[in-house]
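**Q** Below is a structure I'd like to ask you about.
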Amino acid sequence: MNSDTAGERLHAMASTAGYGEAAEALAEQYESVTFTEVHREVLHLFPSRPSSILDVGAGSGRDAAALAAQGHRVVAAEPTAELRSLGRRIHADQEIGWVDDALPRLPVLSARRQRFDLILLTAVWMHLDEGQRTTAMPRLVGLLNADGQVILSLRHGQAPAGRRMFSVSAEETIDLAQSCGLDVAHLAQREDPHGRPGVTWTYLGLRLGVRPAAPDDPQGFTVP
C-alpha cells in the first residue's frame, strides 16, 4: 500500500469512526424512514429519466435502492465494510454497484474516470474537516457529466457520542461549490426526519455551470 492509499484509508477511518461497531443499529435507523421522506425537500431535483447516479456514503443502501428501483444506474460508495455488507443483503433485489471508496478524494472512482449525472451525499459532508471539504468539492465536480448536479444534506446540532462531525454552514458550502463551477439550484431547511431534538438539516441542490477549462483534463476540470 503506497502512502497516498494509506492516507486515504486513514481519512476514511476517521470520518466513519463509530459506524462499523454500530452498523446493525444504524442500518435499522436508516431503513426506518423512506427515501421520499428523507429527500422530500429536493425530490424535484432528481432526474425523471434513467440516469447515472453516485451515492457517496451510501450507508445501508436505502437511497441507492430507491433510485435503482426507479431505473437509474446506481453506484454506492461506502467505506464502512459492515454497512456495505448489510446494504448488499438488505437490498439484494436491486442492481447496485457497491464500491469501497471514500471522500475526500474518492480514489477508486476517480481512477475509473466514470462520470455521473447526479452525485448524492446524504448526511456525509459534515464528517469532513475544512481541508477535506476543500479537496472533496472539486473531486466531486470532476466526476460529473456536463449539466450534472450534486444533492447534499448538512446536519446541524450536537454530534452523537463517538462520531466525528464538524459544524458546516450552507453559506460556506455554497461558496466552495461556486468556486468549483457549481450553481445553487435549491436551498431548503427542515427538521430532523428521525425527530431528534436539536437536530436540523439543510438541503442543497448544486448544478454544474460552466466547467473551468484546464489543458491537462479532457473533461475540462483539473482534479487535485
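Starting from 1 in every chain, residues are counted up; chains themselves are A, B, ... following the order of the C-alpha cells, and ligands are numbered from 1 as listed.
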What's the 9 Å shell around Val42 of chain A, counting only C-alpha atoms, without same-chain residues fewer than 3 positions away, as a list in words?

**A**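 In the requested format, the answer is His39, Leu45, Phe46, Ile151, His186, Leu187, Ala188, Tyr203, Leu204 and Gly205 of chain A.
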
**Q** So that I can check the surroundings of Arg112 of chain A, please list as a VMD selection string every protein, DNA and RNA residue that reaches within 12 Å of it, counting only C-alpha atoms and ignoring chain neighbours fewer than 5 positions away.

**A** chain A and resid 99 101 106 to 107 142 to 143

**Q** Go ahead and save the residues from that selection, with C-alpha atoms, as a CSV table (one decimal), in the first residue's frame.

**A**
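The new file out.csv reads:
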chain,number,residue,atom,x,y,z
A,99,VAL,CA,-17.7,0.3,-4.1
A,101,ASP,CA,-14.4,4.3,-1.6
A,106,LEU,CA,-12.7,9.0,-3.9
A,107,PRO,CA,-9.5,7.3,-5.3
A,142,GLY,CA,-14.6,16.2,-11.7
A,143,LEU,CA,-16.9,13.2,-11.6

**Q** Quick one: distance from atom CA of Phe166 of chain A to atom CA of Met126 of chain A in Å, one decimal?

**A** 5.2 Å

**Q** Identify, with DSSP run on backbone atoms, the residues in segment 129-161 of chain A assigned to strand (DSSP E or B), and express the list as a ChimeraX atom specification.

**A** /A:144-156

**Q** Based on the selection just made, write N, CA and C atoms of those residues as a JSON list (two decimals), in the first residue's frame.

**A**
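And here's out-v8.json as it stands now:
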[["chain", "number", "residue", "atom", "x", "y", "z"],
["A", 144, "LEU", "N", -18.62, 14.66, -12.46],
["A", 144, "LEU", "CA", -19.92, 14.98, -13.03],
["A", 144, "LEU", "C", -19.88, 15.04, -14.56],
["A", 145, "ASN", "N", -20.97, 14.61, -15.17],
["A", 145, "ASN", "CA", -21.20, 14.87, -16.58],
["A", 145, "ASN", "C", -21.54, 16.34, -16.77],
["A", 146, "ALA", "N", -21.51, 16.79, -18.01],
["A", 146, "ALA", "CA", -21.97, 18.14, -18.32],
["A", 146, "ALA", "C", -23.41, 18.29, -17.84],
["A", 147, "ASP", "N", -23.71, 19.42, -17.22],
["A", 147, "ASP", "CA", -25.03, 19.68, -16.65],
["A", 147, "ASP", "C", -25.37, 18.76, -15.48],
["A", 148, "GLY", "N", -24.37, 18.09, -14.92],
["A", 148, "GLY", "CA", -24.62, 17.23, -13.77],
["A", 148, "GLY", "C", -24.90, 18.04, -12.52],
["A", 149, "GLN", "N", -25.35, 17.35, -11.48],
["A", 149, "GLN", "CA", -25.68, 18.05, -10.25],
["A", 149, "GLN", "C", -25.28, 17.24, -9.01],
["A", 150, "VAL", "N", -25.12, 17.97, -7.92],
["A", 150, "VAL", "CA", -24.83, 17.39, -6.61],
["A", 150, "VAL", "C", -25.99, 17.75, -5.69],
["A", 151, "ILE", "N", -26.52, 16.77, -4.98],
["A", 151, "ILE", "CA", -27.53, 16.99, -3.95],
["A", 151, "ILE", "C", -26.92, 16.54, -2.64],
["A", 152, "LEU", "N", -26.86, 17.45, -1.67],
["A", 152, "LEU", "CA", -26.27, 17.07, -0.38],
["A", 152, "LEU", "C", -27.07, 17.65, 0.77],
["A", 153, "SER", "N", -26.95, 17.00, 1.91],
["A", 153, "SER", "CA", -27.61, 17.46, 3.12],
["A", 153, "SER", "C", -26.57, 17.71, 4.20],
["A", 154, "LEU", "N", -26.80, 18.75, 5.00],
["A", 154, "LEU", "CA", -25.92, 19.13, 6.09],
["A", 154, "LEU", "C", -26.67, 18.99, 7.41],
["A", 155, "ARG", "N", -26.09, 18.28, 8.33],
["A", 155, "ARG", "CA", -26.68, 18.15, 9.66],
["A", 155, "ARG", "C", -26.21, 19.27, 10.57],
["A", 156, "HIS", "N", -27.13, 19.85, 11.33],
["A", 156, "HIS", "CA", -26.82, 20.88, 12.31],
["A", 156, "HIS", "C", -27.29, 20.40, 13.68]]

**Q** Apply DSSP to the backbone of this structure and, from segment 80-187 of chain A, keep only the residues in alpha helix (DSSP H); write these as a ChimeraX atom specification.

**A** /A:81-90,107-112,130-142,170-179

**Q** Write out, as a short mmCIF file (atom, residue, chain, number, x, y, z; two decimals), in the first residue's frame, the residues just selected, with N, CA, C and O atoms.

**A**
data_model
loop_
_atom_site.label_atom_id
_atom_site.label_comp_id
_atom_site.auth_asym_id
_atom_site.auth_seq_id
_atom_site.Cartn_x
_atom_site.Cartn_y
_atom_site.Cartn_z
N ALA A 81 -17.11 -1.35 5.93
CA ALA A 81 -17.35 -2.70 5.41
C ALA A 81 -18.64 -3.29 5.94
O ALA A 81 -19.38 -3.98 5.22
N GLU A 82 -18.92 -3.07 7.23
CA GLU A 82 -20.11 -3.64 7.84
C GLU A 82 -21.39 -3.10 7.19
O GLU A 82 -22.35 -3.85 6.96
N LEU A 83 -21.41 -1.81 6.88
CA LEU A 83 -22.58 -1.23 6.23
C LEU A 83 -22.71 -1.70 4.79
O LEU A 83 -23.82 -1.95 4.31
N ARG A 84 -21.59 -1.83 4.08
CA ARG A 84 -21.65 -2.36 2.72
C ARG A 84 -22.25 -3.76 2.70
O ARG A 84 -23.08 -4.09 1.86
N SER A 85 -21.81 -4.59 3.65
CA SER A 85 -22.31 -5.96 3.72
C SER A 85 -23.81 -5.98 4.00
O SER A 85 -24.56 -6.73 3.35
N LEU A 86 -24.23 -5.16 4.95
CA LEU A 86 -25.66 -5.09 5.26
C LEU A 86 -26.45 -4.56 4.07
O LEU A 86 -27.54 -5.06 3.76
N GLY A 87 -25.91 -3.54 3.40
CA GLY A 87 -26.61 -2.97 2.24
C GLY A 87 -26.80 -3.99 1.14
O GLY A 87 -27.88 -4.06 0.53
N ARG A 88 -25.76 -4.76 0.87
CA ARG A 88 -25.87 -5.79 -0.16
C ARG A 88 -26.95 -6.80 0.20
O ARG A 88 -27.70 -7.28 -0.68
N ARG A 89 -27.03 -7.16 1.48
CA ARG A 89 -28.02 -8.16 1.91
C ARG A 89 -29.43 -7.59 1.92
O ARG A 89 -30.37 -8.21 1.40
N ILE A 90 -29.60 -6.40 2.49
CA ILE A 90 -30.93 -5.80 2.62
C ILE A 90 -31.54 -5.51 1.25
O ILE A 90 -32.74 -5.71 1.03
N PRO A 107 -10.60 7.79 -4.42
CA PRO A 107 -9.54 7.32 -5.33
C PRO A 107 -9.99 6.21 -6.28
O PRO A 107 -9.54 6.16 -7.43
N VAL A 108 -10.84 5.31 -5.82
CA VAL A 108 -11.27 4.20 -6.68
C VAL A 108 -12.09 4.71 -7.85
O VAL A 108 -11.82 4.40 -9.02
N LEU A 109 -13.09 5.52 -7.56
CA LEU A 109 -13.95 6.04 -8.62
C LEU A 109 -13.22 7.01 -9.52
O LEU A 109 -13.45 7.05 -10.73
N SER A 110 -12.32 7.80 -8.95
CA SER A 110 -11.55 8.74 -9.76
C SER A 110 -10.66 8.01 -10.75
O SER A 110 -10.49 8.45 -11.90
N ALA A 111 -10.11 6.88 -10.33
CA ALA A 111 -9.25 6.11 -11.22
C ALA A 111 -10.05 5.52 -12.38
O ALA A 111 -9.50 5.33 -13.48
N ARG A 112 -11.31 5.26 -12.15
CA ARG A 112 -12.15 4.71 -13.22
C ARG A 112 -12.50 5.77 -14.27
O ARG A 112 -12.91 5.43 -15.37
N GLU A 130 -12.37 21.03 7.33
CA GLU A 130 -12.33 22.09 6.32
C GLU A 130 -11.39 21.76 5.17
O GLU A 130 -11.72 21.95 4.00
N GLY A 131 -10.22 21.24 5.50
CA GLY A 131 -9.27 20.89 4.45
C GLY A 131 -9.79 19.78 3.56
O GLY A 131 -9.61 19.83 2.33
N GLN A 132 -10.44 18.80 4.15
CA GLN A 132 -11.00 17.71 3.36
C GLN A 132 -12.15 18.19 2.48
O GLN A 132 -12.30 17.74 1.34
N ARG A 133 -12.96 19.11 2.99
CA ARG A 133 -14.05 19.64 2.17
C ARG A 133 -13.51 20.41 0.97
O ARG A 133 -14.04 20.32 -0.14
N THR A 134 -12.42 21.15 1.20
CA THR A 134 -11.80 21.90 0.11
C THR A 134 -11.25 20.96 -0.96
O THR A 134 -11.29 21.28 -2.16
N THR A 135 -10.76 19.82 -0.56
CA THR A 135 -10.28 18.81 -1.51
C THR A 135 -11.43 18.08 -2.18
O THR A 135 -11.39 17.78 -3.38
N ALA A 136 -12.49 17.78 -1.40
CA ALA A 136 -13.56 16.93 -1.90
C ALA A 136 -14.44 17.59 -2.95
O ALA A 136 -14.87 16.93 -3.91
N MET A 137 -14.72 18.88 -2.82
CA MET A 137 -15.66 19.51 -3.74
C MET A 137 -15.19 19.45 -5.19
O MET A 137 -15.95 19.02 -6.08
N PRO A 138 -13.95 19.86 -5.50
CA PRO A 138 -13.53 19.73 -6.90
C PRO A 138 -13.45 18.29 -7.38
O PRO A 138 -13.63 18.00 -8.55
N ARG A 139 -13.17 17.37 -6.46
CA ARG A 139 -13.16 15.96 -6.84
C ARG A 139 -14.55 15.51 -7.28
O ARG A 139 -14.71 14.80 -8.27
N LEU A 140 -15.58 15.94 -6.55
CA LEU A 140 -16.95 15.62 -6.94
C LEU A 140 -17.29 16.22 -8.30
O LEU A 140 -17.89 15.56 -9.16
N VAL A 141 -16.92 17.49 -8.48
CA VAL A 141 -17.20 18.16 -9.75
C VAL A 141 -16.53 17.42 -10.90
O VAL A 141 -17.09 17.28 -12.00
N GLY A 142 -15.32 16.92 -10.66
CA GLY A 142 -14.60 16.19 -11.69
C GLY A 142 -15.27 14.88 -12.08
O GLY A 142 -14.95 14.32 -13.13
N ALA A 170 -24.44 26.35 5.38
CA ALA A 170 -24.84 26.38 3.98
C ALA A 170 -24.02 27.41 3.22
O ALA A 170 -23.62 27.19 2.07
N GLU A 171 -23.75 28.55 3.87
CA GLU A 171 -23.02 29.63 3.20
C GLU A 171 -21.62 29.18 2.80
O GLU A 171 -21.18 29.43 1.66
N GLU A 172 -20.92 28.52 3.72
CA GLU A 172 -19.58 28.03 3.39
C GLU A 172 -19.62 27.03 2.25
O GLU A 172 -18.80 27.06 1.32
N THR A 173 -20.59 26.13 2.31
CA THR A 173 -20.71 25.08 1.30
C THR A 173 -21.02 25.68 -0.07
O THR A 173 -20.47 25.26 -1.09
N ILE A 174 -21.89 26.67 -0.10
CA ILE A 174 -22.24 27.33 -1.36
C ILE A 174 -21.04 28.06 -1.94
O ILE A 174 -20.77 27.97 -3.14
N ASP A 175 -20.30 28.77 -1.09
CA ASP A 175 -19.11 29.49 -1.57
C ASP A 175 -18.11 28.52 -2.19
O ASP A 175 -17.54 28.79 -3.26
N LEU A 176 -17.88 27.39 -1.52
CA LEU A 176 -16.94 26.40 -2.04
C LEU A 176 -17.45 25.80 -3.34
O LEU A 176 -16.69 25.63 -4.31
N ALA A 177 -18.75 25.50 -3.39
CA ALA A 177 -19.33 24.92 -4.60
C ALA A 177 -19.21 25.88 -5.77
O ALA A 177 -18.84 25.48 -6.89
N GLN A 178 -19.51 27.15 -5.54
CA GLN A 178 -19.45 28.12 -6.62
C GLN A 178 -18.03 28.32 -7.12
O GLN A 178 -17.80 28.54 -8.31
N SER A 179 -17.05 28.22 -6.22
CA SER A 179 -15.65 28.36 -6.64
C SER A 179 -15.22 27.20 -7.53
O SER A 179 -14.21 27.30 -8.24
#

**Q** Neighbouring residues of Arg73 of chain A were defined as those with any atom within 12 Å, considering only C-alpha atoms; residues of the same chain fewer than 6 positions away were excluded. Please report them as a count of residues only.

**A** 22

**Q** For each of A:Val124, A:Val56, A:Ala102, A:Val33, take the minimum atom-to-atom distance to Val74 of chain A, counting only C-alpha atoms, then give the residue where this is smallest.

**A**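 Of A:Val124, A:Val56, A:Ala102, A:Val33, the one nearest Val74 of chain A is A:Val56, counting only C-alpha atoms.
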
**Q** What lies within 8 Å of Ala27 of chain A using only C-alpha atoms, ignoring chain neighbours under 2 positions off, as an mmCIF file with N, CA and C atoms, in the first residue's frame?

**A**
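Output below, filename result-v1.cif:
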data_model
loop_
_atom_site.group_PDB
_atom_site.id
_atom_site.type_symbol
_atom_site.label_atom_id
_atom_site.label_comp_id
_atom_site.auth_asym_id
_atom_site.auth_seq_id
_atom_site.Cartn_x
_atom_site.Cartn_y
_atom_site.Cartn_z
ATOM 1 N N ALA A 23 -23.156 -0.719 13.113
ATOM 2 C CA ALA A 23 -23.727 -0.886 11.780
ATOM 3 C C ALA A 23 -25.147 -1.441 11.800
ATOM 4 N N GLU A 24 -25.392 -2.468 12.611
ATOM 5 C CA GLU A 24 -26.735 -3.081 12.631
ATOM 6 C C GLU A 24 -27.791 -2.075 13.075
ATOM 7 N N ALA A 25 -27.505 -1.366 14.174
ATOM 8 C CA ALA A 25 -28.464 -0.388 14.689
ATOM 9 C C ALA A 25 -28.632 0.775 13.708
ATOM 10 N N GLN A 29 -31.957 2.110 11.713
ATOM 11 C CA GLN A 29 -32.384 3.505 11.778
ATOM 12 C C GLN A 29 -32.565 4.084 10.380
ATOM 13 N N TYR A 30 -31.577 3.866 9.520
ATOM 14 C CA TYR A 30 -31.659 4.401 8.164
ATOM 15 C C TYR A 30 -32.890 3.873 7.426
ATOM 16 N N GLU A 31 -33.129 2.578 7.574
ATOM 17 C CA GLU A 31 -34.221 1.944 6.830
ATOM 18 C C GLU A 31 -35.601 2.249 7.421
ATOM 19 N N GLY A 59 -24.266 4.145 3.126
ATOM 20 C CA GLY A 59 -24.823 3.531 4.329
ATOM 21 C C GLY A 59 -25.426 2.172 4.058
ATOM 22 N N SER A 60 -26.680 2.010 4.436
ATOM 23 C CA SER A 60 -27.383 0.737 4.256
ATOM 24 C C SER A 60 -27.937 0.563 2.852
ATOM 25 N N LEU A 83 -21.410 -1.806 6.881
ATOM 26 C CA LEU A 83 -22.582 -1.227 6.230
ATOM 27 C C LEU A 83 -22.709 -1.700 4.785
ATOM 28 N N LEU A 86 -24.227 -5.157 4.948
ATOM 29 C CA LEU A 86 -25.662 -5.089 5.255
ATOM 30 C C LEU A 86 -26.453 -4.556 4.066
#

**Q** Just the number, please: distance in Å from atom CA of Arg190 of chain A to atom CA of Glu41 of chain A, one decimal.

**A**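 Straight-line distance from atom CA of Arg190 of chain A to atom CA of Glu41 of chain A works out to 8.0 Å.
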
**Q** Between A:Gly157, A:His194, A:Leu121, A:Leu103, which has the minimum distance to Leu206 of chain A (counting only C-alpha atoms)?

**A** A:Leu121
